[in-house]
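Please read the structure below before turning to the comments.
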Amino acid sequence: MGEAEQEREEWNRRYGRGEHLERDPSPFLVKAYGRFVAPRFPVGGTALDIAGGIGRHAIWLAQRGWKVTLVDISDVGVAMALEEARRAGVSIHGEAADLRIYDFGRHRFDLILVFYFLERTIFPALADALKPGGLILYKTYTREHRKFRACSHPMYFLEPGELRGAFPGFEVLRYAERGGMAELVARKP
Ligand SMILES: C[S@@+](CC[C@H](N)C(=O)[O-])C[C@H]1O[C@@H](n2cnc3c(N)ncnc32)[C@H](O)[C@@H]1O
């Protein structure tokens with residue numbers, strides 16, 4: 001079994017066991033949306049939620065008028081997201097795919113969300129996929145996090161300060177790092 005298949009199986013098992021089923025949006029998304037996204041995109045736009053899991057953020061955005069694509073390696077997670085969206089009365093586009101080989105396209109999205117996922121090789125593709133003036137909201141663990149809590153799954157960790165400079169040329173609207181987490185809101189020029 002290849003690396004992608006193993007990862008898919010592992011996440012399918014987790015979702016099947018009822019793990020990682022958080023349905024409320026991250027408070028960081030809610031705050032950053034009010035402060036940085038809504039003022040720039042008052043009627044929504046096109047959004048990409050990468051490694052979006054069971055869709056808590058994709059659905060939250062769809063409820064605010066966004067046209068959202070969720071991509072995740074777990075077909076179980078994507079199916080749960082689509083079902084959850086249906087129950088919530090909104091529509092999202094879901095794709096089960098390995099982001100390391102995904103074709104993000106160019107200038108397609110006004111907003112990209114990345115929560116609790118790190119694959120540095122796709123940073124340039126994420127930058128390309130944003131339209132000029134588009135925003136990226138990114139939150140994940142830093143190396144500091146390992147000091148606090150053993151992580152049972154193969155998650156990569158950001159170096160301190162790394163996320164701030166991950167998208168060269170972007171305007172950093174907000175950056176914070178504490179408690180083993182880094183949060184970034186950045187705008188493509
Ligand atoms: C910790 S969960 C985060 C889910 C979601 N972003 C959230 O905050 O609720 C990490 C997600 O990354 C997905 N994932 C892991 N490796 C992936 C890959 N190579 N391509 C796409 N998705 C991947 C997993 O299936 C899982 O849904």
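Residues in the structure tokens are named by chain (A, B, ... in the order shown) and by number from 1 within that chain; ligands are numbered from 1 in the order shown.
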
All residues within 6 Å of ligand 1 are required, counting only C-alpha atoms and all ligand atoms; please report them as JSON, numbers by chain. {"A": [11, 51, 52, 53, 56, 72, 73, 74, 97, 98, 99, 100, 115, 116, 117]}

Taking the chain letters and numbering used in this document, name the residues of stretch 24-114 of chain A that DSSP puts in alpha helix (DSSP H), as a ChimeraX atom specification. /A:27-32,56-62,75-88

Residues of the last selection are to be written out with C-alpha atoms, as a compact mmCIF listing (two decimals), in the first residue's frame.
```txt
# COMPACT_ATOMS: atom_id res chain seq x y z
CA PRO A 27 -12.98 30.49 16.86
CA PHE A 28 -10.03 31.74 14.80
CA LEU A 29 -12.11 31.37 11.62
CA VAL A 30 -15.11 33.11 13.14
CA LYS A 31 -13.03 36.07 14.36
CA ALA A 32 -10.87 36.36 11.23
CA ARG A 56 -17.19 22.08 9.68
CA HIS A 57 -15.61 25.10 7.96
CA ALA A 58 -16.85 24.44 4.43
CA ILE A 59 -20.43 24.26 5.70
CA TRP A 60 -20.03 27.36 7.86
CA LEU A 61 -18.84 29.31 4.79
CA ALA A 62 -21.56 27.88 2.54
CA ASP A 75 -13.46 9.61 1.15
CA VAL A 76 -15.28 8.80 4.41
CA GLY A 77 -14.65 12.36 5.66
CA VAL A 78 -15.79 13.89 2.35
CA ALA A 79 -18.96 11.75 2.32
CA MET A 80 -19.71 12.86 5.90
CA ALA A 81 -19.14 16.50 4.90
CA LEU A 82 -21.54 16.21 1.96
CA GLU A 83 -24.17 14.54 4.13
CA GLU A 84 -23.74 17.14 6.87
CA ALA A 85 -24.07 19.94 4.28
CA ARG A 86 -27.25 18.35 2.92
CA ARG A 87 -28.70 18.21 6.44
CA ALA A 88 -27.75 21.85 6.97
```

For A:Glu119, find every residue with an atom within 8 Å (counting only C-alpha atoms), except residues of its own chain fewer than 3 positions away, and show them as a PyMOL selection string. chain A and resi 100+122-123+156

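Of the listed residues (A:Ala166, A:Leu113, A:Ile92, A:Ala176), A:Leu113 comes nearest to A:Gly134; the distances count only C-alpha atoms.
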
Restricting the calculation to only C-alpha atoms, which member of A:Phe104, A:Thr142, A:Gly55, A:Trp66 is positioned closest to A:Val43? A:Trp66

Please indicate the distance in Å from atom CA of A:Tyr141 to atom CA of A:Tyr175, rounded to one decimal place. 13.5 Å
